[in-house]
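Text of the file final_25.txt, holding compact mmCIF, C-alpha atoms and all ligand atoms:
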```txt
# COMPACT_ATOMS: atom_id res chain seq x y z
CA MET A 21 72.08 65.32 114.72
CA ARG A 22 74.98 67.71 114.06
CA PRO A 23 73.57 70.80 115.86
CA THR A 24 72.97 68.69 119.01
CA ILE A 25 76.61 67.58 119.08
CA LEU A 26 77.77 71.16 118.58
CA LEU A 27 75.48 72.34 121.34
CA ARG A 28 76.76 69.68 123.70
CA GLY A 29 80.35 70.62 122.87
CA ALA A 30 79.66 74.26 123.58
CA ALA A 31 77.97 73.43 126.86
CA MET A 32 80.96 71.32 127.93
CA LEU A 33 83.32 74.15 127.05
CA VAL A 34 81.35 76.69 129.08
CA LEU A 35 81.18 74.30 132.01
CA SER A 36 84.93 73.59 132.07
CA CYS A 37 85.66 77.32 131.83
CA MET A 38 83.42 77.92 134.82
CA ILE A 39 85.07 75.15 136.85
CA PHE A 40 88.52 76.49 136.01
CA TYR A 41 87.47 80.04 136.93
CA ILE A 42 86.02 79.00 140.29
CA ALA A 43 89.03 76.79 141.10
CA SER A 44 91.53 79.57 140.34
CA LYS A 45 89.53 82.05 142.45
CA PHE A 46 89.56 79.63 145.33
CA MET A 47 93.29 78.99 144.99
CA THR A 48 94.26 82.67 145.18
CA TYR A 49 91.92 83.00 148.12
CA GLU A 50 93.75 80.15 149.89
CA GLU A 51 97.15 81.71 149.09
CA ASN A 52 96.04 85.05 150.49
CA LEU A 53 94.82 83.39 153.65
CA ASN A 54 98.16 81.63 154.18
CA GLN A 55 100.11 84.82 153.59
CA LYS A 56 97.91 86.66 156.07
CA LYS A 57 98.42 83.95 158.66
CA TYR A 58 102.20 84.25 158.30
CA SER A 59 102.42 88.01 158.63
CA GLN A 60 99.81 87.94 161.39
CA ALA A 61 102.15 85.80 163.52
CA PHE A 62 104.72 88.59 163.40
CA ALA A 63 102.22 91.41 163.73
CA ASP A 64 100.89 89.88 166.96
CA SER A 65 104.30 89.57 168.56
CA LYS A 66 105.74 92.97 167.63
CA PRO A 67 103.55 95.82 166.43
CA GLN A 68 105.02 97.57 163.43
CA VAL A 69 106.09 101.13 164.16
CA LEU A 70 103.81 103.50 162.31
CA ASN A 71 104.78 106.66 164.12
CA CYS A 72 107.45 107.82 166.52
CA LYS A 73 105.37 108.23 169.66
CA MET A 74 107.71 107.70 172.60
CA GLU A 75 106.94 106.80 176.18
CA THR A 76 109.55 109.18 177.56
CA SER A 77 109.77 112.91 176.86
CA CYS A 78 113.14 114.55 176.47
CA PRO A 79 114.57 117.53 178.36
CA GLU A 80 115.42 120.79 176.61
CA GLY A 81 118.41 120.57 174.30
CA HIS A 82 117.89 116.87 173.51
CA PHE A 83 116.59 115.00 170.50
CA PRO A 84 114.24 112.06 171.14
CA PHE A 85 114.94 108.90 169.16
CA LYS A 86 113.66 105.36 168.85
CA ILE A 87 115.33 102.50 166.99
CA THR A 88 113.76 99.10 166.27
CA SER A 89 115.70 96.32 164.57
CA GLY A 90 114.19 94.06 161.94
CA ALA A 91 112.28 90.92 162.97
CA ALA A 92 113.71 87.77 161.38
CA ASN A 93 113.92 88.33 157.60
CA VAL A 94 110.30 89.46 157.39
CA ILE A 95 109.68 92.81 159.10
CA GLY A 96 112.00 95.69 158.32
CA PRO A 97 113.57 97.94 160.97
CA THR A 98 112.44 101.44 161.92
CA ILE A 99 114.55 104.47 162.80
CA CYS A 100 112.83 107.47 164.40
CA PHE A 101 114.49 110.75 165.26
CA ASN A 102 112.99 113.94 166.66
CA ASP A 103 109.43 112.58 166.19
CA GLN A 104 109.99 111.71 162.54
CA VAL A 105 110.28 108.33 160.88
CA LEU A 106 113.56 108.47 158.98
CA MET A 107 113.67 104.87 157.82
CA SER A 108 111.00 102.13 157.70
CA ALA A 109 109.46 99.46 155.50
CA ILE A 110 106.50 101.78 154.92
CA LYS A 111 108.85 104.53 153.71
CA ASN A 112 110.40 101.85 151.51
CA ASN A 113 113.98 102.89 152.33
CA VAL A 114 115.24 99.91 154.36
CA GLY A 115 117.03 96.73 153.32
CA LYS A 116 118.58 93.58 154.71
CA GLY A 117 121.89 94.20 156.45
CA LEU A 118 122.73 97.49 158.17
CA ASN A 119 120.35 100.45 157.92
CA ILE A 120 121.95 103.77 158.74
CA ALA A 121 120.58 107.31 159.04
CA LEU A 122 122.83 110.34 159.50
CA VAL A 123 121.52 113.55 161.04
CA ASN A 124 123.08 116.91 161.77
CA ALA A 125 123.88 116.85 165.51
CA THR A 126 123.18 120.58 165.88
CA THR A 127 120.00 121.06 163.84
CA GLY A 128 118.65 117.50 163.89
CA LYS A 129 118.14 117.69 160.13
CA LEU A 130 118.33 114.44 158.19
CA LEU A 131 121.48 114.29 156.06
CA GLU A 132 121.30 110.86 154.47
CA THR A 133 119.88 107.35 154.78
CA SER A 134 121.44 104.21 153.40
CA PHE A 135 121.46 100.44 153.82
CA PHE A 136 124.25 97.94 153.30
CA ASP A 137 123.73 94.29 152.44
CA MET A 138 126.03 92.39 154.80
CA TRP A 139 125.26 88.96 153.33
CA THR A 140 126.09 89.43 149.64
CA GLY A 141 127.08 93.11 149.46
CA LYS A 142 130.53 94.66 149.10
CA ILE A 143 132.13 95.88 152.34
CA GLU A 144 133.89 98.71 150.45
CA SER A 145 130.65 100.68 150.09
CA LEU A 146 130.11 100.57 153.88
CA LEU A 147 133.75 101.59 154.51
CA THR A 148 133.48 104.53 152.10
CA PHE A 149 130.22 105.61 153.73
CA LEU A 150 131.59 105.46 157.29
CA LYS A 151 134.80 107.26 156.37
CA SER A 152 132.88 110.10 154.70
CA ILE A 153 130.87 110.98 157.84
CA ASN A 154 131.54 114.63 158.77
CA SER A 155 132.21 115.91 162.25
CA GLY A 156 128.98 117.05 163.91
CA THR A 157 126.90 114.06 162.84
CA ILE A 158 124.71 111.61 164.76
CA LEU A 159 124.46 108.11 163.31
CA LEU A 160 121.45 105.86 163.93
CA LEU A 161 121.71 102.21 162.98
CA ALA A 162 119.35 99.22 162.88
CA SER A 163 120.14 95.73 161.64
CA PHE A 164 117.80 93.57 159.55
CA ASP A 165 118.31 89.81 159.05
CA ASP A 166 122.11 89.49 158.92
CA PRO A 167 124.43 92.30 160.06
CA ALA A 168 127.81 90.59 159.98
CA THR A 169 128.73 88.08 157.29
CA LYS A 170 130.73 90.62 155.26
CA MET A 171 131.90 92.61 158.31
CA THR A 172 135.65 93.26 158.56
CA ASP A 173 137.90 94.43 161.39
CA GLU A 174 138.37 97.72 159.56
CA ALA A 175 134.61 98.34 159.55
CA ARG A 176 134.36 97.27 163.19
CA GLY A 177 137.15 99.75 163.99
CA LEU A 178 135.22 102.59 162.32
CA PHE A 179 132.10 101.76 164.36
CA THR A 180 134.27 101.76 167.50
CA GLU A 181 135.41 105.29 166.63
CA LEU A 182 131.75 106.29 166.39
CA GLY A 183 131.21 105.10 169.98
CA SER A 184 130.28 101.42 169.62
CA SER A 185 131.44 99.05 172.34
CA LEU A 186 129.59 95.93 171.15
CA ILE A 187 130.50 95.80 167.46
CA PHE A 188 133.20 93.20 167.96
CA SER A 189 130.58 90.75 169.24
CA VAL A 190 128.09 91.36 166.41
CA ASN A 191 127.85 88.13 164.42
CA PHE A 192 125.67 86.24 161.92
CA ARG A 193 121.95 87.08 162.34
CA ASP A 194 122.38 88.93 165.64
CA ASN A 195 120.09 91.92 166.07
CA TRP A 196 122.07 95.10 166.64
CA ILE A 197 120.88 98.68 167.20
CA PHE A 198 123.17 101.61 167.83
CA LEU A 199 123.31 105.38 168.07
CA GLY A 200 126.77 106.87 167.63
CA ALA A 201 128.27 110.24 166.81
CA LYS A 202 131.26 111.93 165.27
CA PRO A 203 133.11 113.12 167.24
CA ILE A 204 132.37 111.19 170.43
CA LYS A 205 134.51 111.23 173.61
CA GLU A 206 133.25 108.15 175.42
CA LYS A 207 131.39 104.99 174.43
CA SER A 208 127.78 105.55 173.38
CA PRO A 209 125.26 104.48 176.04
CA PHE A 210 122.79 103.78 173.22
CA GLU A 211 123.56 100.32 171.91
CA GLN A 212 121.92 96.90 172.16
CA ILE A 213 122.58 93.49 170.78
CA LEU A 214 120.47 90.34 170.85
CA LYS A 215 122.48 87.26 169.95
CA ASN A 216 121.27 84.69 167.46
CA ASP A 217 120.96 81.54 169.56
CA LYS A 218 118.86 78.66 168.25
CA LYS A 219 117.95 77.60 171.78
CA LYS A 220 116.63 81.04 172.74
CA ASN A 221 115.53 82.51 169.39
CA LYS A 222 111.95 83.65 169.12
CA TYR A 223 111.78 82.94 165.39
CA GLU A 224 113.76 79.69 165.16
CA ASN A 225 116.64 81.04 163.03
CA TRP A 226 116.48 84.65 164.25
CA PRO A 227 116.26 86.35 167.65
CA GLU A 228 113.44 88.67 168.63
CA ALA A 229 113.53 92.30 167.45
CA VAL A 230 115.27 94.75 169.77
CA GLU A 231 114.04 98.25 170.45
CA MET A 232 115.47 101.21 172.34
CA GLU A 233 114.47 104.79 172.85
CA GLY A 234 116.24 107.70 174.48
CA CYS A 235 117.28 111.32 174.41
CA VAL A 236 120.51 112.35 172.74
CA PRO A 237 122.00 115.76 173.56
CA ARG A 238 122.02 118.37 170.82
CA ARG A 239 125.48 119.51 169.80
CA ILE A 240 126.08 123.17 170.57
C1 LIG B 301 124.93 121.19 160.62
O1 LIG B 301 124.20 122.37 160.42
C2 LIG B 301 124.93 123.55 160.70
C3 LIG B 301 123.96 124.73 160.61
O2 LIG B 301 123.29 124.74 159.39
C4 LIG B 301 126.09 123.65 159.73
O3 LIG B 301 126.84 124.80 160.01
C5 LIG B 301 126.96 122.40 159.87
O4 LIG B 301 128.00 122.41 158.91
C6 LIG B 301 126.12 121.14 159.69
N1 LIG B 301 126.95 119.97 159.97
C7 LIG B 301 126.83 118.83 159.31
C8 LIG B 301 127.73 117.70 159.72
O5 LIG B 301 126.02 118.69 158.42
```
Before we go any further, please render this structure as structure tokens.
Amino acid sequence: MRPTILLRGAAMLVLSCMIFYIASKFMTYEENLNQKKYSQAFADSKPQVLNCKMETSCPEGHFPFKITSGAANVIGPTICFNDQVLMSAIKNNVGKGLNIALVNATTGKLLETSFFDMWTGKIESLLTFLKSINSGTILLLASFDDPATKMTDEARGLFTELGSSLIFSVNFRDNWIFLGAKPIKEKSPFEQILKNDKKKNKYENWPEAVEMEGCVPRRI
């Protein structure tokens, strides 16, 4: 009698292990499917920038650039300059808040990239960064998620000095892209903002991504 009971017990154990294994496989499969569906919704609406191919070509003595803001709090921004991706999610050097790349305005060489959390970060680090920009620099900026919660008038003033004319209307979850320079005589023509407006937003709590490309003159 005993061996039969043991055998039955063993069979039950094997069976429950198999059921558990199959169930867990199926669950991860379901999770993957849901995740794919979510990112697919964004991928369909705005293709992620994988290279810096531009529609326009630039005249002699100009650097081509292309800036794309983040999309909602899901897809990171991309900053391209002189046919090179300087910042992107794929390069793993972007973050929520303000993403900034500095390049030498004469050579076009990348000097530095950085991002500043404007939701929970400290404004001092952004102030220090902006104040330390040397003359002869081009600044490229793309927002991701929220660009403004920690913004101060002092920081807005520093962006104004770099050629921004829209910074004083950049608010919670607006999308903002900007190319500025130090020094700059007039306002930069390269700036866009898309306001966060629940009635018009593409992604409920966030506006659609904004993108701009152009040619910025090389500094001689
Ligand atoms: C840009 O590069 C030139 C040439 O190498 C150099 O003289 C200049 O100091 C650089 N400027 C900045 C802001 O890096």
Check which residues of chain A sit at most 10 Å from ligand LIG 301 (chain B) using all atoms listed in the file, and return one row each with the closest pair of atoms and their distance in Å to one decimal, ordered by chain and rising number, as CSV.
```
residue,atom,partner,partner_atom,distance
A:Leu122,CA,B:LIG301,C8,8.8
A:Val123,CA,B:LIG301,O5,7.3
A:Asn124,CA,B:LIG301,O5,4.8
A:Ala125,CA,B:LIG301,C1,6.6
A:Thr126,CA,B:LIG301,C1,5.6
A:Thr127,CA,B:LIG301,O1,5.6
A:Gly128,CA,B:LIG301,C1,8.0
A:Lys129,CA,B:LIG301,C1,7.7
A:Leu130,CA,B:LIG301,O5,8.8
A:Leu131,CA,B:LIG301,O5,6.7
A:Glu132,CA,B:LIG301,O5,10.0
A:Ile153,CA,B:LIG301,C8,7.7
A:Asn154,CA,B:LIG301,C8,5.0
A:Ser155,CA,B:LIG301,C8,5.4
A:Gly156,CA,B:LIG301,C8,4.4
A:Thr157,CA,B:LIG301,C8,4.9
A:Ile158,CA,B:LIG301,C8,8.5
A:Lys202,CA,B:LIG301,C8,8.7
A:Arg239,CA,B:LIG301,C1,9.3
A:Ile240,CA,B:LIG301,C2,9.9
```
* To do: Work out how far CA of Leu161 in chain A is from CA of Pro227 in chain A, in Å to one decimal.
  => 17.4 Å
* From the set A:Cys100, A:Met138, A:Leu199, A:Leu186, which residue has the shortest atom-to-atom contact distance to Cys72 in chain A, counting only C-alpha atoms? ->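 Of the candidates, the smallest distance to Cys72 in chain A is held by A:Cys100.
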* Between A:Pro203, A:Gln104, A:Asn195, A:Ile87, which one has atoms that come closest to Asp217 in chain A, using only C-alpha atoms? ->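 Under the stated criterion, the closest residue is A:Asn195.
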* Have a look at A:Ala121, A:Val105, A:Ile204, A:Leu214 and name the one nearest to Val190 in chain A; count all atoms listed in the file. =>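 Closest to Val190 in chain A of all the choices is A:Leu214.
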* **All residues 12 Å or closer to Glu75 in chain A, only C-alpha atoms, same chain fewer than 4 positions away omitted, as a PyMOL selection string** => chain A and resi 84-86+103+232-235
* Using all atoms listed in the file, which of A:Leu118, A:Ile95, A:Leu178, A:Ala201 sits nearest Leu159 in chain A? ->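 Among the listed residues, A:Ala201 lies closest to Leu159 in chain A.
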* Just how far from CA of Ala162 in chain A is CA of Val230 in chain A, in Å to one decimal? -> 9.2 Å
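Computed from the coordinates, the CA of Asn112 in chain A to CA of Thr180 in chain A distance equals 28.7 Å.
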* Residue nearest Pro209 in chain A - candidates A:Gly96, A:Pro79, A:Gly183, A:Gly177, atoms counted: all atoms listed in the file -> A:Gly183
* Asked: Quick one: of A:Leu106, A:Cys78, A:Ala91, A:Leu160, who's nearest to Asn216 in chain A, counting all atoms listed in the file?
  ->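 Closest to Asn216 in chain A of all the choices is A:Ala91.
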Produce the centre coordinates and the three edge lengths, each in Å to one decimal, of the box along x, y and z that contains all listed atoms of range 171-189 of chain A with 8 Å added on each side, as JSON.
```
{"center_x": 134.0, "center_y": 98.5, "center_z": 165.3, "size_x": 24.8, "size_y": 31.5, "size_z": 30.0}
```
* Pick out the residues sitting within 12 Å of Trp226 in chain A, and hand them over as a PyMOL selection string; count only C-alpha atoms, and ignore anything fewer than 6 positions along from it in its own chain. => chain A and resi 89-95+163-167+191-195+214-220
